[in-house]
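Okay, data12.pdb now, which holds PDB, C-alpha atoms, pLDDT in the B column:
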ATOM      1  CA  MET A   1      72.101 -20.540  21.970  1.00 47.00           C
ATOM      2  CA  ARG A   2      70.161 -22.879  19.709  1.00 46.00           C
ATOM      3  CA  LYS A   3      67.156 -22.703  22.079  1.00 47.00           C
ATOM      4  CA  CYS A   4      67.224 -18.909  21.876  1.00 48.00           C
ATOM      5  CA  ASN A   5      67.372 -18.973  18.064  1.00 54.00           C
ATOM      6  CA  ALA A   6      64.553 -21.499  17.908  1.00 55.00           C
ATOM      7  CA  ARG A   7      62.426 -19.344  20.221  1.00 55.00           C
ATOM      8  CA  HIS A   8      63.213 -16.267  18.118  1.00 53.00           C
ATOM      9  CA  ASN A   9      62.293 -18.068  14.891  1.00 55.00           C
ATOM     10  CA  LEU A  10      59.039 -19.298  16.412  1.00 56.00           C
ATOM     11  CA  LEU A  11      58.065 -15.783  17.494  1.00 58.00           C
ATOM     12  CA  ALA A  12      58.932 -14.400  14.053  1.00 58.00           C
ATOM     13  CA  LEU A  13      56.857 -17.108  12.377  1.00 54.00           C
ATOM     14  CA  SER A  14      53.905 -16.433  14.697  1.00 63.00           C
ATOM     15  CA  LEU A  15      54.100 -12.712  13.954  1.00 62.00           C
ATOM     16  CA  LEU A  16      54.225 -13.379  10.206  1.00 58.00           C
ATOM     17  CA  LEU A  17      51.190 -15.668  10.361  1.00 60.00           C
ATOM     18  CA  ALA A  18      49.285 -13.056  12.368  1.00 58.00           C
ATOM     19  CA  LEU A  19      50.053 -10.387   9.757  1.00 56.00           C
ATOM     20  CA  VAL A  20      49.000 -12.691   6.920  1.00 52.00           C
ATOM     21  CA  GLY A  21      45.748 -13.504   8.734  1.00 55.00           C
ATOM     22  CA  ALA A  22      44.972  -9.833   9.291  1.00 54.00           C
ATOM     23  CA  GLY A  23      45.638  -9.130   5.634  1.00 53.00           C
ATOM     24  CA  LEU A  24      43.218 -11.858   4.579  1.00 48.00           C
ATOM     25  CA  LEU A  25      40.523 -10.387   6.805  1.00 51.00           C
ATOM     26  CA  LEU A  26      40.960  -7.006   5.154  1.00 48.00           C
ATOM     27  CA  LEU A  27      40.709  -8.313   1.595  1.00 48.00           C
ATOM     28  CA  PRO A  28      36.877  -8.412   1.414  1.00 50.00           C
ATOM     29  CA  ALA A  29      36.696  -4.825   2.672  1.00 45.00           C
ATOM     30  CA  CYS A  30      39.164  -3.694   0.048  1.00 44.00           C
ATOM     31  CA  ARG A  31      37.397  -5.494  -2.762  1.00 54.00           C
ATOM     32  CA  ARG A  32      35.333  -3.125  -4.917  1.00 64.00           C
ATOM     33  CA  GLU A  33      31.631  -3.879  -4.950  1.00 70.00           C
ATOM     34  CA  ALA A  34      30.468  -4.908  -8.400  1.00 82.00           C
ATOM     35  CA  ILE A  35      27.765  -2.765  -9.983  1.00 88.00           C
ATOM     36  CA  PRO A  36      25.628  -4.708 -12.472  1.00 90.00           C
ATOM     37  CA  GLU A  37      24.384  -3.419 -15.800  1.00 93.00           C
ATOM     38  CA  PRO A  38      20.714  -2.394 -16.079  1.00 92.00           C
ATOM     39  CA  LYS A  39      18.224  -4.562 -17.926  1.00 90.00           C
ATOM     40  CA  VAL A  40      17.008  -3.393 -21.344  1.00 88.00           C
ATOM     41  CA  LEU A  41      13.263  -2.692 -21.083  1.00 84.00           C
ATOM     42  CA  LYS A  42      10.553  -2.664 -23.724  1.00 78.00           C
ATOM     43  CA  TRP A  43       8.117   0.233 -23.620  1.00 75.00           C
ATOM     44  CA  ALA A  44       4.769   0.402 -25.407  1.00 70.00           C
ATOM     45  CA  LEU A  45       3.528   3.798 -26.525  1.00 64.00           C
ATOM     46  CA  GLY A  46       0.685   5.030 -24.368  1.00 61.00           C
ATOM     47  CA  THR A  47       1.663   3.055 -21.253  1.00 69.00           C
ATOM     48  CA  ALA A  48       3.256   4.308 -18.050  1.00 74.00           C
ATOM     49  CA  TRP A  49       6.987   4.989 -18.115  1.00 80.00           C
ATOM     50  CA  PRO A  50       9.132   2.458 -16.233  1.00 85.00           C
ATOM     51  CA  GLU A  51      10.432   3.188 -12.747  1.00 90.00           C
ATOM     52  CA  ALA A  52      14.168   3.209 -12.018  1.00 91.00           C
ATOM     53  CA  GLU A  53      13.885  -0.058 -10.081  1.00 92.00           C
ATOM     54  CA  ASP A  54      12.357  -1.774 -13.127  1.00 90.00           C
ATOM     55  CA  PHE A  55      15.801  -1.783 -14.756  1.00 91.00           C
ATOM     56  CA  TYR A  56      17.112  -3.892 -11.838  1.00 92.00           C
ATOM     57  CA  PRO A  57      14.496  -6.594 -11.104  1.00 87.00           C
ATOM     58  CA  ASP A  58      17.030  -8.408  -8.883  1.00 87.00           C
ATOM     59  CA  LEU A  59      18.271  -5.375  -6.981  1.00 88.00           C
ATOM     60  CA  ALA A  60      20.844  -6.390  -4.372  1.00 88.00           C
ATOM     61  CA  GLU A  61      19.875  -6.075  -0.724  1.00 89.00           C
ATOM     62  CA  GLY A  62      20.744  -2.637   0.609  1.00 91.00           C
ATOM     63  CA  ALA A  63      21.360  -1.225  -2.868  1.00 92.00           C
ATOM     64  CA  SER A  64      19.264   1.526  -4.458  1.00 94.00           C
ATOM     65  CA  VAL A  65      18.787   2.983  -7.916  1.00 95.00           C
ATOM     66  CA  THR A  66      17.320   6.325  -8.987  1.00 95.00           C
ATOM     67  CA  PHE A  67      17.098   8.398 -12.127  1.00 94.00           C
ATOM     68  CA  ALA A  68      19.910  10.917 -12.523  1.00 93.00           C
ATOM     69  CA  SER A  69      17.412  13.497 -13.786  1.00 90.00           C
ATOM     70  CA  ASP A  70      14.026  14.697 -12.579  1.00 89.00           C
ATOM     71  CA  ASN A  71      12.780  14.284 -16.161  1.00 86.00           C
ATOM     72  CA  PRO A  72      14.297  11.005 -17.359  1.00 87.00           C
ATOM     73  CA  PHE A  73      11.908  10.601 -20.295  1.00 79.00           C
ATOM     74  CA  PRO A  74      10.625  12.968 -22.978  1.00 75.00           C
ATOM     75  CA  ASN A  75       7.222  14.573 -22.584  1.00 67.00           C
ATOM     76  CA  ASN A  76       6.453  14.230 -26.276  1.00 59.00           C
ATOM     77  CA  GLU A  77       5.700  10.628 -27.268  1.00 52.00           C
ATOM     78  CA  LYS A  78       6.461  11.407 -30.920  1.00 54.00           C
ATOM     79  CA  THR A  79      10.164  11.448 -30.061  1.00 54.00           C
ATOM     80  CA  MET A  80       9.864   7.790 -29.020  1.00 52.00           C
ATOM     81  CA  MET A  81       7.978   6.380 -32.006  1.00 55.00           C
ATOM     82  CA  THR A  82      10.664   4.560 -33.945  1.00 51.00           C
ATOM     83  CA  LYS A  83      13.758   4.347 -31.801  1.00 66.00           C
ATOM     84  CA  SER A  84      15.282   3.205 -28.576  1.00 77.00           C
ATOM     85  CA  TYR A  85      15.666   5.735 -25.828  1.00 81.00           C
ATOM     86  CA  GLU A  86      18.465   6.034 -23.280  1.00 87.00           C
ATOM     87  CA  THR A  87      18.294   7.482 -19.811  1.00 90.00           C
ATOM     88  CA  THR A  88      20.813   7.735 -16.967  1.00 94.00           C
ATOM     89  CA  LEU A  89      20.516   5.924 -13.651  1.00 94.00           C
ATOM     90  CA  VAL A  90      22.446   6.330 -10.413  1.00 95.00           C
ATOM     91  CA  TYR A  91      23.184   2.979  -8.760  1.00 95.00           C
ATOM     92  CA  ARG A  92      24.261   2.949  -5.102  1.00 93.00           C
ATOM     93  CA  THR A  93      25.619  -0.181  -3.463  1.00 92.00           C
ATOM     94  CA  ALA A  94      24.955  -1.198   0.121  1.00 89.00           C
ATOM     95  CA  GLY A  95      28.521  -0.172   0.918  1.00 87.00           C
ATOM     96  CA  GLY A  96      27.999   3.377  -0.320  1.00 88.00           C
ATOM     97  CA  ARG A  97      29.709   3.129  -3.701  1.00 90.00           C
ATOM     98  CA  SER A  98      27.791   4.815  -6.522  1.00 91.00           C
ATOM     99  CA  ALA A  99      28.035   4.931 -10.296  1.00 92.00           C
ATOM    100  CA  LYS A 100      26.020   6.244 -13.214  1.00 94.00           C
ATOM    101  CA  LYS A 101      24.603   3.666 -15.607  1.00 93.00           C
ATOM    102  CA  THR A 102      23.026   4.138 -19.022  1.00 93.00           C
ATOM    103  CA  ALA A 103      19.697   2.340 -19.323  1.00 91.00           C
ATOM    104  CA  THR A 104      17.935   1.552 -22.605  1.00 89.00           C
ATOM    105  CA  VAL A 105      14.221   1.506 -23.335  1.00 85.00           C
ATOM    106  CA  ASP A 106      13.156  -0.140 -26.608  1.00 80.00           C
ATOM    107  CA  VAL A 107       9.945   1.199 -28.131  1.00 73.00           C
ATOM    108  CA  THR A 108       7.487  -1.486 -29.210  1.00 67.00           C
ATOM    109  CA  VAL A 109       4.671  -1.074 -31.722  1.00 61.00           C
ATOM    110  CA  ASP A 110       2.283  -3.421 -33.496  1.00 55.00           C
ATOM    111  CA  LYS A 111       3.844  -3.614 -36.958  1.00 56.00           C
ATOM    112  CA  ASP A 112       1.100  -5.995 -38.123  1.00 56.00           C
ATOM    113  CA  TYR A 113      -1.534  -3.305 -37.713  1.00 52.00           C
ATOM    114  CA  PRO A 114      -2.533  -1.788 -41.100  1.00 54.00           C
ATOM    115  CA  ASN A 115      -0.654   1.459 -41.842  1.00 54.00           C
ATOM    116  CA  CYS A 116       1.075   1.432 -38.459  1.00 51.00           C
ATOM    117  CA  LEU A 117       3.616   4.274 -38.206  1.00 50.00           C
ATOM    118  CA  THR A 118       2.398   5.829 -41.441  1.00 55.00           C
ATOM    119  CA  PHE A 119       0.912   9.282 -41.994  1.00 53.00           C
ATOM    120  CA  VAL A 120      -2.738   9.492 -43.012  1.00 59.00           C
ATOM    121  CA  LYS A 121      -4.261  12.686 -44.423  1.00 66.00           C
ATOM    122  CA  ASP A 122      -7.750  13.712 -43.415  1.00 70.00           C
ATOM    123  CA  LYS A 123      -9.783  14.290 -46.591  1.00 73.00           C
ATOM    124  CA  GLU A 124     -11.840  17.105 -45.065  1.00 76.00           C
ATOM    125  CA  THR A 125      -9.239  19.073 -43.113  1.00 77.00           C
ATOM    126  CA  GLY A 126      -6.107  18.085 -45.024  1.00 74.00           C
ATOM    127  CA  LYS A 127      -4.295  17.508 -41.728  1.00 72.00           C
ATOM    128  CA  GLU A 128      -1.897  14.599 -41.423  1.00 62.00           C
ATOM    129  CA  SER A 129      -1.730  12.264 -38.473  1.00 60.00           C
ATOM    130  CA  MET A 130       0.270   9.134 -37.734  1.00 50.00           C
ATOM    131  CA  ILE A 131      -1.288   5.804 -36.826  1.00 50.00           C
ATOM    132  CA  ILE A 132       0.470   4.266 -33.838  1.00 50.00           C
ATOM    133  CA  ALA A 133      -0.719   0.773 -32.914  1.00 51.00           C
ATOM    134  CA  VAL A 134       0.517  -0.918 -29.773  1.00 53.00           C
ATOM    135  CA  LYS A 135       0.295  -4.460 -28.464  1.00 56.00           C
ATOM    136  CA  VAL A 136       0.167  -4.316 -24.699  1.00 57.00           C
ATOM    137  CA  ALA A 137       0.897  -7.544 -22.866  1.00 62.00           C
ATOM    138  CA  MET A 138      -1.646  -7.994 -20.084  1.00 72.00           C
ATOM    139  CA  VAL A 139      -1.268  -9.938 -16.846  1.00 81.00           C
ATOM    140  CA  GLU A 140      -3.626 -10.684 -13.984  1.00 87.00           C
ATOM    141  CA  VAL A 141      -2.616  -9.037 -10.716  1.00 91.00           C
ATOM    142  CA  GLU A 142      -4.161  -9.720  -7.327  1.00 93.00           C
ATOM    143  CA  TYR A 143      -5.834  -6.840  -5.512  1.00 95.00           C
ATOM    144  CA  GLU A 144      -7.289  -6.339  -2.061  1.00 95.00           C
ATOM    145  CA  VAL A 145      -9.822  -3.672  -1.074  1.00 95.00           C
ATOM    146  CA  LEU A 146      -9.609  -2.238   2.435  1.00 94.00           C
ATOM    147  CA  VAL A 147     -12.256  -0.033   4.075  1.00 94.00           C
ATOM    148  CA  ASN A 148     -11.151   1.785   7.209  1.00 94.00           C
ATOM    149  CA  GLY A 149      -8.201  -0.592   7.457  1.00 93.00           C
ATOM    150  CA  LYS A 150     -10.240  -3.806   7.191  1.00 93.00           C
ATOM    151  CA  SER A 151     -10.234  -6.141   4.201  1.00 94.00           C
ATOM    152  CA  VAL A 152     -13.652  -6.380   2.525  1.00 93.00           C
ATOM    153  CA  THR A 153     -12.790  -8.258  -0.654  1.00 92.00           C
ATOM    154  CA  SER A 154     -10.014  -9.414  -2.946  1.00 93.00           C
ATOM    155  CA  GLY A 155      -9.680 -10.684  -6.482  1.00 92.00           C
ATOM    156  CA  LYS A 156      -7.725 -10.375  -9.724  1.00 92.00           C
ATOM    157  CA  HIS A 157      -7.719  -7.745 -12.439  1.00 89.00           C
ATOM    158  CA  SER A 158      -5.936  -7.448 -15.785  1.00 86.00           C
ATOM    159  CA  PHE A 159      -3.215  -4.811 -16.033  1.00 84.00           C
ATOM    160  CA  PRO A 160      -0.403  -4.067 -18.505  1.00 78.00           C
ATOM    161  CA  LYS A 161       2.609  -6.293 -17.837  1.00 75.00           C
ATOM    162  CA  GLY A 162       5.116  -4.591 -15.560  1.00 78.00           C
ATOM    163  CA  VAL A 163       2.540  -2.423 -13.778  1.00 84.00           C
ATOM    164  CA  THR A 164       3.904  -0.959 -10.552  1.00 89.00           C
ATOM    165  CA  SER A 165       0.962   1.217  -9.504  1.00 91.00           C
ATOM    166  CA  ILE A 166      -2.502   2.281 -10.610  1.00 92.00           C
ATOM    167  CA  ASP A 167      -4.162   5.690 -10.721  1.00 91.00           C
ATOM    168  CA  GLU A 168      -7.341   6.630  -8.880  1.00 93.00           C
ATOM    169  CA  ASP A 169      -9.512   6.364 -12.006  1.00 92.00           C
ATOM    170  CA  THR A 170      -8.465   2.742 -12.510  1.00 91.00           C
ATOM    171  CA  ALA A 171      -9.031   2.036  -8.824  1.00 93.00           C
ATOM    172  CA  ARG A 172     -12.526   3.549  -9.039  1.00 93.00           C
ATOM    173  CA  LYS A 173     -13.396   1.179 -11.879  1.00 92.00           C
ATOM    174  CA  ILE A 174     -12.326  -1.794  -9.751  1.00 92.00           C
ATOM    175  CA  ILE A 175     -14.333  -0.483  -6.804  1.00 93.00           C
ATOM    176  CA  ALA A 176     -17.402   0.035  -8.989  1.00 93.00           C
ATOM    177  CA  GLU A 177     -17.260  -3.607 -10.111  1.00 91.00           C
ATOM    178  CA  VAL A 178     -16.728  -4.836  -6.555  1.00 90.00           C
ATOM    179  CA  ALA A 179     -19.576  -2.700  -5.185  1.00 91.00           C
ATOM    180  CA  LYS A 180     -22.114  -4.445  -7.449  1.00 90.00           C
ATOM    181  CA  ASN A 181     -21.925  -7.565  -5.287  1.00 89.00           C
ATOM    182  CA  ASN A 182     -20.456  -6.264  -2.051  1.00 89.00           C
ATOM    183  CA  ASP A 183     -22.420  -3.999   0.299  1.00 89.00           C
ATOM    184  CA  LYS A 184     -19.352  -3.388   2.463  1.00 90.00           C
ATOM    185  CA  VAL A 185     -17.968  -0.899  -0.045  1.00 89.00           C
ATOM    186  CA  PRO A 186     -19.317   2.540   0.934  1.00 90.00           C
ATOM    187  CA  ALA A 187     -20.874   4.766  -1.683  1.00 88.00           C
ATOM    188  CA  ASN A 188     -19.240   7.845  -0.193  1.00 91.00           C
ATOM    189  CA  TYR A 189     -15.577   6.944   0.058  1.00 93.00           C
ATOM    190  CA  GLU A 190     -12.181   8.513  -0.422  1.00 94.00           C
ATOM    191  CA  PHE A 191      -8.753   6.973  -0.816  1.00 95.00           C
ATOM    192  CA  ASP A 192      -6.939   6.427   2.473  1.00 94.00           C
ATOM    193  CA  SER A 193      -3.625   8.276   2.197  1.00 91.00           C
ATOM    194  CA  THR A 194      -2.502   6.963   5.595  1.00 93.00           C
ATOM    195  CA  VAL A 195      -2.103   3.414   4.263  1.00 93.00           C
ATOM    196  CA  ALA A 196       1.429   2.759   3.050  1.00 89.00           C
ATOM    197  CA  ASP A 197       1.783   1.768  -0.621  1.00 92.00           C
ATOM    198  CA  ASN A 198      -1.864   2.450  -1.373  1.00 95.00           C
ATOM    199  CA  LEU A 199      -2.584   1.810  -5.102  1.00 94.00           C
ATOM    200  CA  LYS A 200       0.905   0.322  -5.550  1.00 93.00           C
ATOM    201  CA  VAL A 201       2.030  -3.191  -6.426  1.00 91.00           C
ATOM    202  CA  VAL A 202       3.815  -4.761  -3.466  1.00 91.00           C
ATOM    203  CA  ASN A 203       4.791  -8.440  -3.507  1.00 88.00           C
ATOM    204  CA  GLY A 204       2.600  -9.000  -6.557  1.00 88.00           C
ATOM    205  CA  LYS A 205      -0.561  -7.496  -5.036  1.00 93.00           C
ATOM    206  CA  ILE A 206      -2.267  -4.104  -5.270  1.00 95.00           C
ATOM    207  CA  THR A 207      -3.852  -2.623  -2.171  1.00 95.00           C
ATOM    208  CA  VAL A 208      -6.848  -0.329  -2.716  1.00 96.00           C
ATOM    209  CA  ALA A 209      -7.381   1.324   0.657  1.00 95.00           C
ATOM    210  CA  LEU A 210     -10.529   3.393   1.241  1.00 95.00           C
ATOM    211  CA  LYS A 211     -12.126   5.210   4.124  1.00 93.00           C
ATOM    212  CA  VAL A 212     -15.624   6.520   4.610  1.00 90.00           C
ATOM    213  CA  ALA A 213     -15.704  10.121   3.489  1.00 83.00           C
ATOM    214  CA  ALA A 214     -16.607  12.725   6.065  1.00 75.00           C
ATOM    215  CA  ALA A 215     -20.177  13.914   5.776  1.00 64.00           C
TER     216      ALA A 215
END
Could you express the structure from this file as structure tokens?
Amino acid sequence: MRKCNARHNLLALSLLLALVGAGLLLLPACRREAIPEPKVLKWALGTAWPEAEDFYPDLAEGASVTFASDNPFPNNEKTMMTKSYETTLVYRTAGGRSAKKTATVDVTVDKDYPNCLTFVKDKETGKESMIIAVKVAMVEVEYEVLVNGKSVTSGKHSFPKGVTSIDEDTARKIIAEVAKNNDKVPANYEFDSTVADNLKVVNGKITVALKVAAA
């Protein structure tokens, strides 16, 4: 009788331990994924608006962040002259959980500039205009120029801090400087749209991909 009870107790204990172990395995899956707060960014008047990912420089692997609106920032810069601006982001975790987050952009101006953010009246026309002076922090970013998929040169160029991409006009200026001492850059070129991330900053470097334009 005692052997039977001992065997029964052992089976009950084994079953209990198995249930506890299964419960422990399920705990991580039940735990809610934490969603971090976005970073407060500084924006200088006249520069490109930040991208959604700029608010999360250490974005978790598998996570994504987008703007909640197609027009996250005002079109009129005058509305941004002397205040902070808020926009809404949608953060999605790798596990599929999503939440809206309010992101803040602080406007920066050069307050040391004479008459900055003051109205000045034109003596001839009588019209008033506001002086807006901006200090833009510049950084050197590496670039590489490709022609028909092959690298022809590389170097560094100064861009506003936080740059994530450049427009074609800026790229043309870089190409014009490169072409002065590099005969591999064709005179009749066009930007190669087949190259991924062309004119974008990826891993700290900008790729300027060209191809010889059709005659």
- Query: So which residues get picked by the PyMOL selection byres ((chain A and resi 57-71) around 10) here, written as a VMD selection string?
  - Reply: chain A and resid 35 to 36 38 to 39 51 to 56 72 to 75 87 to 103
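Take the candidates A:Lys127, A:Lys150, A:Lys42, A:Lys161 and check each one against Val201 of chain A using all atoms listed in the file; the shortest distance goes to A:Lys161.
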To test your reading of the syntax: which residues would the PyMOL selection byres ((chain A and resi 171-177) around 12) return for the file shown? Reply as number ranges by chain. A: 142-147, 152-159, 165-170, 178-191, 198-200, 206-210
(Q) For a test of reading the model, state the distance in Å between atom CA of Val105 of chain A and atom CA of Asn203 of chain A, rounded to one decimal. (A)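 Computing it gives 24.1 Å between the two atoms.
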| query | Which distance in Å separates atom CA of Met138 of chain A and atom CA of Glu86 of chain A, to one decimal? | reply |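 Atom CA of Glu86 of chain A lies 24.7 Å from atom CA of Met138 of chain A.
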The distance between atom CA of Tyr85 of chain A and atom CA of Gly162 of chain A is 18.0 Å
Mind giving me the axis-aligned box for segment 61-70 of chain A with 3 Å on every side, centre plus edges in Å to one decimal, as JSON?
{"center_x": 17.7, "center_y": 4.3, "center_z": -6.6, "size_x": 13.3, "size_y": 26.8, "size_z": 20.4}
Item checked: Distance criterion (all atoms listed in the file): nearest to Val212 of chain A out of A:Ala48, A:Val195, A:Val163, A:Asn148 ->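 Looking only at the distances to Val212 of chain A, the closest residue turns out to be A:Asn148.
In terms of minimum interatomic distance to Val107 of chain A, A:Val40 ranks closest within A:Val40, A:Thr125, A:Gly149, A:Glu140, counting all atoms listed in the file.
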